[in-house]
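Participant: Below is the file coords.cif, which contains mmCIF, C-alpha atoms.
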```cif
data_model
loop_
_atom_site.group_PDB
_atom_site.id
_atom_site.type_symbol
_atom_site.label_atom_id
_atom_site.label_comp_id
_atom_site.auth_asym_id
_atom_site.auth_seq_id
_atom_site.Cartn_x
_atom_site.Cartn_y
_atom_site.Cartn_z
ATOM 1 C CA MET A 1 43.014 -16.640 -3.453
ATOM 2 C CA ASP A 2 39.994 -17.589 -1.352
ATOM 3 C CA PHE A 3 38.613 -15.179 1.233
ATOM 4 C CA THR A 4 35.613 -14.577 3.504
ATOM 5 C CA GLY A 5 33.885 -11.230 3.156
ATOM 6 C CA THR A 6 30.706 -9.254 3.782
ATOM 7 C CA VAL A 7 28.146 -8.481 1.102
ATOM 8 C CA ILE A 8 27.737 -4.707 1.106
ATOM 9 C CA ALA A 9 25.490 -4.337 -1.953
ATOM 10 C CA SER A 10 23.422 -6.569 -4.196
ATOM 11 C CA PHE A 11 22.381 -5.832 -7.768
ATOM 12 C CA GLY A 12 20.349 -8.729 -9.081
ATOM 13 C CA ARG A 13 22.784 -11.575 -9.647
ATOM 14 C CA HIS A 14 25.828 -9.418 -8.873
ATOM 15 C CA VAL A 15 27.125 -8.267 -5.489
ATOM 16 C CA LEU A 16 29.853 -6.152 -3.952
ATOM 17 C CA VAL A 17 31.844 -7.952 -1.270
ATOM 18 C CA ARG A 18 34.190 -6.299 1.223
ATOM 19 C CA ASP A 19 37.219 -8.524 1.732
ATOM 20 C CA PRO A 20 39.267 -8.777 4.971
ATOM 21 C CA GLU A 21 41.566 -5.944 3.767
ATOM 22 C CA GLY A 22 38.597 -3.617 3.308
ATOM 23 C CA ARG A 23 38.599 -3.698 -0.479
ATOM 24 C CA GLU A 24 35.304 -3.782 -2.377
ATOM 25 C CA ARG A 25 35.269 -6.581 -4.928
ATOM 26 C CA ARG A 26 32.675 -7.430 -7.534
ATOM 27 C CA ALA A 27 31.357 -10.951 -7.229
ATOM 28 C CA ARG A 28 28.538 -13.219 -8.285
ATOM 29 C CA PRO A 29 27.067 -16.408 -6.802
ATOM 30 C CA ALA A 30 28.586 -19.538 -8.243
ATOM 31 C CA THR A 31 25.138 -21.130 -8.682
ATOM 32 C CA ARG A 32 21.612 -19.791 -9.092
ATOM 33 C CA ARG A 33 20.532 -21.656 -5.964
ATOM 34 C CA LEU A 34 22.837 -19.472 -3.871
ATOM 35 C CA SER A 35 20.961 -16.311 -2.889
ATOM 36 C CA VAL A 36 22.838 -13.600 -0.990
ATOM 37 C CA VAL A 37 21.832 -10.137 0.237
ATOM 38 C CA SER A 38 23.393 -7.145 1.960
ATOM 39 C CA GLY A 39 24.778 -8.099 5.361
ATOM 40 C CA ASP A 40 25.558 -11.694 4.447
ATOM 41 C CA ALA A 41 28.939 -13.205 5.307
ATOM 42 C CA VAL A 42 30.167 -15.251 2.347
ATOM 43 C CA ARG A 43 33.113 -17.355 1.242
ATOM 44 C CA CYS A 44 34.558 -16.451 -2.154
ATOM 45 C CA THR A 45 37.082 -17.893 -4.572
ATOM 46 C CA ALA A 46 39.661 -15.995 -6.556
ATOM 47 C CA GLU A 47 38.516 -13.942 -9.520
ATOM 48 C CA ASP A 48 37.345 -15.720 -12.648
ATOM 49 C CA PRO A 49 38.377 -14.542 -16.165
ATOM 50 C CA SER A 50 35.613 -11.876 -16.102
ATOM 51 C CA GLY A 51 37.342 -10.172 -13.174
ATOM 52 C CA GLU A 52 34.647 -11.118 -10.673
ATOM 53 C CA ALA A 53 35.074 -13.303 -7.607
ATOM 54 C CA LEU A 54 32.712 -16.225 -7.153
ATOM 55 C CA VAL A 55 30.582 -16.592 -4.032
ATOM 56 C CA VAL A 56 30.774 -20.310 -3.272
ATOM 57 C CA ALA A 57 29.246 -20.552 0.224
ATOM 58 C CA LEU A 58 27.056 -18.627 2.634
ATOM 59 C CA GLU A 59 27.963 -18.416 6.313
ATOM 60 C CA PRO A 60 25.081 -19.111 8.763
ATOM 61 C CA ARG A 61 22.858 -16.059 9.227
ATOM 62 C CA ARG A 62 22.430 -14.825 12.789
ATOM 63 C CA THR A 63 19.286 -12.854 11.947
ATOM 64 C CA ALA A 64 17.399 -11.843 8.827
ATOM 65 C CA LEU A 65 14.407 -9.822 7.680
ATOM 66 C CA TYR A 66 12.084 -11.693 5.318
ATOM 67 C CA ARG A 67 9.011 -10.596 3.406
ATOM 68 C CA ALA A 68 6.151 -12.593 1.920
ATOM 69 C CA ASN A 69 5.570 -12.535 -1.821
ATOM 70 C CA SER A 70 2.177 -12.693 -3.542
ATOM 71 C CA ARG A 71 2.313 -16.509 -3.585
ATOM 72 C CA GLY A 72 2.916 -16.737 0.158
ATOM 73 C CA GLY A 73 6.580 -17.638 -0.206
ATOM 74 C CA SER A 74 9.409 -16.017 1.742
ATOM 75 C CA GLU A 75 12.010 -13.657 0.280
ATOM 76 C CA ILE A 76 14.980 -12.393 2.249
ATOM 77 C CA VAL A 77 15.500 -8.616 2.425
ATOM 78 C CA VAL A 78 18.662 -8.111 4.537
ATOM 79 C CA ALA A 79 20.773 -10.342 6.770
ATOM 80 C CA ASN A 80 22.646 -10.215 10.064
ATOM 81 C CA LEU A 81 21.060 -7.019 11.322
ATOM 82 C CA THR A 82 20.547 -6.228 15.009
ATOM 83 C CA LEU A 83 18.329 -3.131 14.737
ATOM 84 C CA LEU A 84 15.424 -2.231 12.458
ATOM 85 C CA LEU A 85 14.924 1.505 11.880
ATOM 86 C CA VAL A 86 11.422 2.119 10.530
ATOM 87 C CA VAL A 87 11.302 5.495 8.800
ATOM 88 C CA LEU A 88 8.196 7.638 8.371
ATOM 89 C CA ALA A 89 7.636 11.322 7.665
ATOM 90 C CA PRO A 90 4.839 13.902 7.526
ATOM 91 C CA VAL A 91 5.152 13.778 3.717
ATOM 92 C CA PRO A 92 4.263 11.475 2.073
ATOM 93 C CA GLU A 93 1.305 10.729 4.328
ATOM 94 C CA PRO A 94 2.460 8.047 6.786
ATOM 95 C CA ASP A 95 1.210 4.533 6.163
ATOM 96 C CA LEU A 96 1.010 3.445 9.795
ATOM 97 C CA PHE A 97 -0.280 0.001 8.867
ATOM 98 C CA LEU A 98 2.959 -0.506 6.918
ATOM 99 C CA VAL A 99 4.906 0.697 9.964
ATOM 100 C CA ASP A 100 3.064 -1.879 12.083
ATOM 101 C CA ARG A 101 4.025 -4.689 9.721
ATOM 102 C CA TYR A 102 7.708 -3.860 9.949
ATOM 103 C CA LEU A 103 7.454 -3.689 13.743
ATOM 104 C CA CYS A 104 5.679 -7.057 13.791
ATOM 105 C CA ALA A 105 8.404 -8.605 11.644
ATOM 106 C CA ALA A 106 11.007 -7.293 14.083
ATOM 107 C CA ALA A 107 9.140 -8.427 17.211
ATOM 108 C CA SER A 108 8.523 -11.895 15.785
ATOM 109 C CA THR A 109 12.260 -12.418 15.198
ATOM 110 C CA ALA A 110 13.479 -10.738 18.417
ATOM 111 C CA LEU A 111 14.955 -7.739 16.592
ATOM 112 C CA ARG A 112 15.100 -4.336 18.252
ATOM 113 C CA ALA A 113 13.081 -1.713 16.413
ATOM 114 C CA THR A 114 13.032 2.086 16.560
ATOM 115 C CA LEU A 115 10.909 4.633 14.705
ATOM 116 C CA LEU A 116 12.617 7.462 12.806
ATOM 117 C CA VAL A 117 10.415 10.457 12.057
ATOM 118 C CA ASN A 118 12.240 12.252 9.237
ATOM 119 C CA LYS A 119 11.411 15.722 7.837
ATOM 120 C CA CYS A 120 10.457 16.945 11.299
ATOM 121 C CA GLU A 121 11.031 20.510 10.062
ATOM 122 C CA LEU A 122 7.718 20.185 8.217
ATOM 123 C CA GLY A 123 5.900 19.831 11.538
ATOM 124 C CA LEU A 124 3.957 16.883 12.934
ATOM 125 C CA ASP A 125 0.203 17.265 13.162
ATOM 126 C CA VAL A 126 -1.892 16.303 16.175
ATOM 127 C CA ALA A 127 -2.951 12.971 14.674
ATOM 128 C CA LEU A 128 0.628 11.855 14.023
ATOM 129 C CA ARG A 129 1.709 13.011 17.497
ATOM 130 C CA ARG A 130 -1.078 10.901 18.967
ATOM 131 C CA GLU A 131 0.041 7.831 17.009
ATOM 132 C CA LEU A 132 3.674 8.287 18.036
ATOM 133 C CA ALA A 133 2.588 8.542 21.671
ATOM 134 C CA ALA A 134 0.697 5.265 21.274
ATOM 135 C CA PHE A 135 3.819 3.571 19.896
ATOM 136 C CA GLU A 136 5.923 4.913 22.754
ATOM 137 C CA ARG A 137 3.432 3.665 25.371
ATOM 138 C CA ILE A 138 3.989 0.091 24.228
ATOM 139 C CA GLY A 139 7.769 0.461 24.222
ATOM 140 C CA TYR A 140 8.845 1.780 20.824
ATOM 141 C CA ARG A 141 11.205 4.749 20.825
ATOM 142 C CA ALA A 142 10.630 7.495 18.240
ATOM 143 C CA ILE A 143 13.529 9.703 17.111
ATOM 144 C CA GLU A 144 12.593 12.927 15.331
ATOM 145 C CA CYS A 145 15.140 14.005 12.744
ATOM 146 C CA SER A 146 15.680 16.020 9.605
ATOM 147 C CA ALA A 147 18.066 14.790 6.932
ATOM 148 C CA ARG A 148 17.806 18.178 5.189
ATOM 149 C CA LEU A 149 18.718 20.251 8.259
ATOM 150 C CA GLY A 150 20.917 17.707 10.017
ATOM 151 C CA LEU A 151 18.659 17.548 13.079
ATOM 152 C CA GLY A 152 18.679 14.431 15.245
ATOM 153 C CA VAL A 153 21.830 12.989 13.648
ATOM 154 C CA GLY A 154 23.547 12.634 17.039
ATOM 155 C CA ALA A 155 20.637 10.677 18.524
ATOM 156 C CA LEU A 156 20.505 8.483 15.451
ATOM 157 C CA LEU A 157 24.236 7.740 15.530
ATOM 158 C CA GLU A 158 23.929 6.889 19.212
ATOM 159 C CA ALA A 159 21.084 4.463 18.459
ATOM 160 C CA CYS A 160 23.202 2.771 15.778
ATOM 161 C CA ALA A 161 26.394 2.516 17.853
ATOM 162 C CA GLY A 162 27.675 -1.050 17.781
ATOM 163 C CA ALA A 163 24.652 -2.196 15.774
ATOM 164 C CA THR A 164 23.997 -3.335 12.234
ATOM 165 C CA ALA A 165 20.867 -1.341 11.477
ATOM 166 C CA ALA A 166 18.572 -1.507 8.467
ATOM 167 C CA LEU A 167 16.542 1.476 7.269
ATOM 168 C CA VAL A 168 13.105 0.444 5.996
ATOM 169 C CA GLY A 169 9.916 2.278 5.134
ATOM 170 C CA GLN A 170 7.685 3.570 2.388
ATOM 171 C CA SER A 171 9.032 5.363 -0.664
ATOM 172 C CA GLY A 172 9.853 9.028 -0.362
ATOM 173 C CA VAL A 173 10.429 9.273 3.387
ATOM 174 C CA GLY A 174 14.096 10.140 2.899
ATOM 175 C CA LYS A 175 16.016 7.012 3.824
ATOM 176 C CA SER A 176 18.822 7.659 1.347
ATOM 177 C CA SER A 177 19.065 11.273 2.515
ATOM 178 C CA LEU A 178 19.439 9.991 6.080
ATOM 179 C CA VAL A 179 22.289 7.748 4.966
ATOM 180 C CA SER A 180 23.940 10.769 3.318
ATOM 181 C CA GLY A 181 23.780 12.598 6.654
ATOM 182 C CA LEU A 182 25.086 9.662 8.658
ATOM 183 C CA ALA A 183 27.791 8.555 6.220
ATOM 184 C CA PRO A 184 28.617 11.696 4.192
ATOM 185 C CA GLN A 185 31.799 10.101 2.862
ATOM 186 C CA MET A 186 29.648 7.727 0.808
ATOM 187 C CA GLN A 187 27.991 8.551 -2.496
ATOM 188 C CA VAL A 188 24.288 7.923 -2.007
ATOM 189 C CA ALA A 189 21.706 8.542 -4.722
ATOM 190 C CA THR A 190 18.770 10.625 -3.493
ATOM 191 C CA GLY A 191 15.663 11.956 -5.204
ATOM 192 C CA GLU A 192 12.844 14.420 -4.710
ATOM 193 C CA LEU A 193 9.206 13.596 -4.119
ATOM 194 C CA ALA A 194 6.898 13.691 -7.090
ATOM 195 C CA ARG A 195 4.701 16.746 -7.273
ATOM 196 C CA GLU A 196 1.607 14.780 -6.213
ATOM 197 C CA GLN A 197 3.491 13.909 -2.962
ATOM 198 C CA HIS A 198 3.477 10.175 -3.595
ATOM 199 C CA GLY A 199 6.856 8.623 -2.952
ATOM 200 C CA ARG A 200 8.850 7.238 -5.827
ATOM 201 C CA HIS A 201 11.790 4.838 -5.603
ATOM 202 C CA THR A 202 15.245 6.417 -5.384
ATOM 203 C CA THR A 203 17.209 3.373 -4.192
ATOM 204 C CA THR A 204 17.480 0.355 -6.475
ATOM 205 C CA ALA A 205 19.533 -1.992 -4.295
ATOM 206 C CA SER A 206 20.254 -2.541 -0.613
ATOM 207 C CA ARG A 207 23.626 -1.172 0.443
ATOM 208 C CA LEU A 208 25.645 -1.470 3.660
ATOM 209 C CA TYR A 209 27.566 1.573 4.926
ATOM 210 C CA ASP A 210 30.064 1.750 7.779
ATOM 211 C CA LEU A 211 29.321 4.538 10.219
ATOM 212 C CA GLY A 212 32.868 4.793 11.552
ATOM 213 C CA HIS A 213 32.054 4.081 15.213
ATOM 214 C CA GLY A 214 31.565 0.334 15.178
ATOM 215 C CA GLY A 215 28.103 0.542 13.653
ATOM 216 C CA ALA A 216 26.796 -0.166 10.165
ATOM 217 C CA LEU A 217 23.716 0.920 8.264
ATOM 218 C CA ILE A 218 21.865 -0.890 5.485
ATOM 219 C CA ASP A 219 19.671 1.237 3.223
ATOM 220 C CA SER A 220 16.874 -0.642 1.477
ATOM 221 C CA PRO A 221 14.605 0.378 -1.400
ATOM 222 C CA GLY A 222 11.410 2.190 -0.494
ATOM 223 C CA VAL A 223 8.213 0.161 -0.723
ATOM 224 C CA ARG A 224 4.505 0.743 -1.111
ATOM 225 C CA ASP A 225 3.642 -2.511 0.619
ATOM 226 C CA PHE A 226 5.293 -5.069 2.867
ATOM 227 C CA ALA A 227 4.053 -8.301 4.377
ATOM 228 C CA PRO A 228 6.147 -10.215 6.936
ATOM 229 C CA ALA A 229 7.043 -13.747 5.888
ATOM 230 C CA LEU A 230 4.524 -16.277 7.205
ATOM 231 C CA GLU A 231 7.153 -18.472 8.858
ATOM 232 C CA GLN A 232 8.616 -15.496 10.685
ATOM 233 C CA LEU A 233 5.415 -14.174 12.263
ATOM 234 C CA GLU A 234 4.660 -15.173 15.837
ATOM 235 C CA PRO A 235 1.430 -17.150 15.237
ATOM 236 C CA ALA A 236 -0.626 -16.049 18.264
ATOM 237 C CA SER A 237 -0.036 -12.278 18.327
ATOM 238 C CA LEU A 238 1.510 -11.759 14.862
ATOM 239 C CA GLY A 239 4.183 -9.666 16.567
ATOM 240 C CA PHE A 240 1.858 -7.090 18.171
ATOM 241 C CA ILE A 241 3.591 -6.903 21.531
ATOM 242 C CA GLU A 242 0.655 -5.422 23.430
ATOM 243 C CA ILE A 243 -1.662 -8.142 22.086
ATOM 244 C CA ALA A 244 0.817 -10.794 23.225
ATOM 245 C CA GLU A 245 0.577 -9.364 26.740
ATOM 246 C CA LEU A 246 -3.231 -9.372 26.709
ATOM 247 C CA ALA A 247 -3.687 -12.789 25.105
ATOM 248 C CA GLY A 248 -2.893 -14.697 28.306
ATOM 249 C CA ALA A 249 -6.251 -13.630 29.726
ATOM 250 C CA CYS A 250 -8.268 -14.947 26.765
ATOM 251 C CA ARG A 251 -10.626 -17.834 27.415
ATOM 252 C CA PHE A 252 -9.080 -20.021 24.694
ATOM 253 C CA SER A 253 -5.345 -20.569 24.346
ATOM 254 C CA ASP A 254 -5.653 -20.575 20.532
ATOM 255 C CA CYS A 255 -7.803 -17.422 20.409
ATOM 256 C CA ARG A 256 -7.376 -15.455 17.171
ATOM 257 C CA HIS A 257 -8.822 -12.303 18.790
ATOM 258 C CA LEU A 258 -11.381 -11.813 16.048
ATOM 259 C CA GLY A 259 -14.749 -13.202 17.134
ATOM 260 C CA GLU A 260 -14.101 -15.694 19.917
ATOM 261 C CA PRO A 261 -16.008 -15.339 23.209
ATOM 262 C CA ASP A 262 -14.294 -13.985 26.338
ATOM 263 C CA CYS A 263 -11.436 -12.528 24.318
ATOM 264 C CA ALA A 264 -9.305 -10.205 26.436
ATOM 265 C CA VAL A 265 -7.899 -8.498 23.338
ATOM 266 C CA ARG A 266 -11.309 -7.557 21.934
ATOM 267 C CA SER A 267 -12.431 -6.393 25.367
ATOM 268 C CA ALA A 268 -9.381 -4.155 25.640
ATOM 269 C CA ALA A 269 -10.054 -2.724 22.169
ATOM 270 C CA ALA A 270 -13.687 -2.026 23.090
ATOM 271 C CA SER A 271 -12.715 -0.269 26.320
ATOM 272 C CA GLY A 272 -9.956 1.795 24.716
ATOM 273 C CA ALA A 273 -7.185 0.097 26.691
ATOM 274 C CA LEU A 274 -5.905 -1.260 23.360
ATOM 275 C CA HIS A 275 -5.324 1.402 20.694
ATOM 276 C CA ALA A 276 -8.146 1.058 18.144
ATOM 277 C CA ARG A 277 -5.949 1.613 15.089
ATOM 278 C CA ARG A 278 -3.423 -0.972 16.257
ATOM 279 C CA TYR A 279 -6.214 -3.507 16.789
ATOM 280 C CA GLU A 280 -7.543 -2.807 13.293
ATOM 281 C CA SER A 281 -3.993 -3.242 11.998
ATOM 282 C CA TYR A 282 -3.836 -6.632 13.732
ATOM 283 C CA ARG A 283 -7.148 -7.642 12.100
ATOM 284 C CA ARG A 284 -5.837 -6.630 8.670
ATOM 285 C CA LEU A 285 -2.595 -8.528 9.115
ATOM 286 C CA ARG A 286 -4.490 -11.606 10.333
ATOM 287 C CA ARG A 287 -6.646 -11.528 7.188
ATOM 288 C CA LEU A 288 -3.590 -10.989 4.992
ATOM 289 C CA ARG A 289 -1.793 -13.887 6.653
ATOM 290 C CA ASP A 290 -4.785 -16.139 6.002
ATOM 291 C CA SER A 291 -4.945 -15.114 2.332
ATOM 292 C CA LEU A 292 -1.208 -15.626 1.825
ATOM 293 C CA SER A 293 -1.414 -19.036 3.502
ATOM 294 C CA ALA A 294 -4.217 -19.955 1.096
ATOM 295 C CA ALA A 295 -2.182 -18.701 -1.872
ATOM 296 C CA ARG A 296 0.729 -20.882 -0.839
ATOM 297 C CA GLY A 297 -1.475 -23.942 -0.562
ATOM 298 C CA PRO A 298 -1.045 -26.983 1.681
ATOM 299 C CA ALA A 299 2.451 -27.982 2.702
ATOM 300 C CA LYS A 300 3.898 -30.776 0.610
ATOM 301 C CA PRO A 301 4.412 -34.020 2.558
ATOM 302 C CA ARG A 302 8.008 -34.912 3.228
ATOM 303 C CA ARG A 303 9.429 -37.827 1.311
ATOM 304 C CA ARG A 304 10.405 -40.746 3.448
ATOM 305 C CA SER A 305 14.045 -41.685 3.339
ATOM 306 C CA THR A 306 14.773 -45.241 2.280
#
```
Could I get this structure in the form of structure tokens?
Facilitator:
Amino acid sequence: MDFTGTVIASFGRHVLVRDPEGRERRARPATRRLSVVSGDAVRCTAEDPSGEALVVALEPRRTALYRANSRGGSEIVVANLTLLLVVLAPVPEPDLFLVDRYLCAAASTALRATLLVNKCELGLDVALRRELAAFERIGYRAIECSARLGLGVGALLEACAGATAALVGQSGVGKSSLVSGLAPQMQVATGELAREQHGRHTTTASRLYDLGHGGALIDSPGVRDFAPALEQLEPASLGFIEIAELAGACRFSDCRHLGEPDCAVRSAAASGALHARRYESYRRLRRLRDSLSAARGPAKPRRRST
């Protein structure tokens, strides 16, 4: 019997699909050219002799989060989300440049984004407080929470109400522990930080969880690096929303905000009106985008139809 379902987990070439009756069914794409991820809506056929259903078609994606690979190509991470929850913590040491890249990916694709500061029971130092204040000044909300103590769960559930949210961030910040607190009925694998306080991976596949109030949460593996897909980045500001606001006053409409004369963005950075670390983050992402574009090489010309 054919059915349309939602991909709730992906494990390489195998997926779990929730059918219209709420049952979880093992499935696999019918062809290697069909790539599906958590959050996708798919059409499936009846089970084959192995007991698995076959995914035969992918419904159009409303939204998606993509990343760039080392060759400059695009790889999908999760699909059909409406909210990106970027998780950081006092331990391991926050990689704020990684946080910026996730926020840029969200801004460039018109996704809402919120910061989650987990492990707040460990205390936030002055430097991190200053950075969070800078994020909030440009419009990003920061929710402090503790998966271990259950603090901030109400605010987090409220933020996720009616949304399909994806948890992203560096390894070891406690994303899986947050899922355990939000959806305790689910079995979620969690792990401890290594003794040297560097995060290690505890999640091996993205997984979608229902939150029981009309919202859903997708947990994704922790990362040590992330680059937004080239095609997804807004070309002028790269998704830095405060730079997009300043860029209209630049002398040149195609200003890259690096060394051009009469650049309003550089002037704001020099005066302190633009947060210095955020401007440096923009410069780094601009250089990375250029290097990934070079790695991808020139676009192949389209073949003319005959």
Participant: Could you pull the residues within 7 Å of range 25-36 of chain A, counting all atoms listed in the file, minus those fewer than 4 positions along the same chain, as a list in words?
Facilitator: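 The residues satisfying every condition are Arg13, His14, Val15, Leu16, Val17, Arg18, Asp40, Glu52, Ala53, Leu54, Val55 and Val56 of chain A.
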Participant: Give me the residues near Ser253 in chain A as a PyMOL selection string, where near means some atom within 12 Å (using only C-alpha atoms) and where sequence neighbours in that chain fewer than 4 positions away do not count.
Facilitator: chain A and resi 235-237+244+246-249+257+260-264
Participant: Check which residues satisfy the PyMOL selection byres ((chain A and resi 80) around 8) in the file shown, then give them as a JSON list (two decimals) with C-alpha atoms, keeping the file's coordinate frame.
Facilitator:
```json
[["chain", "number", "residue", "atom", "x", "y", "z"],
["A", 39, "GLY", "CA", 24.78, -8.10, 5.36],
["A", 40, "ASP", "CA", 25.56, -11.69, 4.45],
["A", 61, "ARG", "CA", 22.86, -16.06, 9.23],
["A", 62, "ARG", "CA", 22.43, -14.82, 12.79],
["A", 63, "THR", "CA", 19.29, -12.85, 11.95],
["A", 64, "ALA", "CA", 17.40, -11.84, 8.83],
["A", 78, "VAL", "CA", 18.66, -8.11, 4.54],
["A", 79, "ALA", "CA", 20.77, -10.34, 6.77],
["A", 81, "LEU", "CA", 21.06, -7.02, 11.32],
["A", 82, "THR", "CA", 20.55, -6.23, 15.01],
["A", 164, "THR", "CA", 24.00, -3.34, 12.23]]
```
Participant: Given the file above and the PyMOL selection byres ((chain A and resi 296) around 8), which residues are selected, and can you give them as a list in words?
Facilitator: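 This file gives the following for the PyMOL selection byres ((chain A and resi 296) around 8): Arg71, Gly72, Gly73, Leu292, Ser293, Ala294, Ala295, Gly297 and Pro298 of chain A.
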Participant: Expressed in Å to a single decimal, how great is the separation between CA of Gly51 in chain A and CA of Ser38 in chain A?
Facilitator: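 Distance reported for this atom pair: 20.8 Å.
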Participant: When you draw a straight line from CA of Ser50 in chain A to CA of Tyr209 in chain A, how long is it in Å?
Facilitator: 26.2 Å
Participant: Name the residues that the PyMOL selection byres ((chain A and resi 168) around 8) picks from the file above, as a list of chain:residue names, using the file's chain letters and numbers.
Facilitator: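 Written out, the selection comes to A:Leu84, A:Leu85, A:Val86, A:Val87, A:Tyr102, A:Ala166, A:Leu167, A:Gly169, A:Gln170, A:Lys175, A:Asp219, A:Ser220, A:Pro221, A:Gly222.
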Participant: Considering all atoms listed in the file, return as a PyMOL selection string whatever protein or nucleic-acid residues lie within 9 Å of range 108-118 of chain A, sequence-local ones (same chain, fewer than 3 positions apart) excluded.
Facilitator: chain A and resi 63-65+81-90+99+102-105+121+132+135+140-147+156+159+173-175+178+232-235+237-240
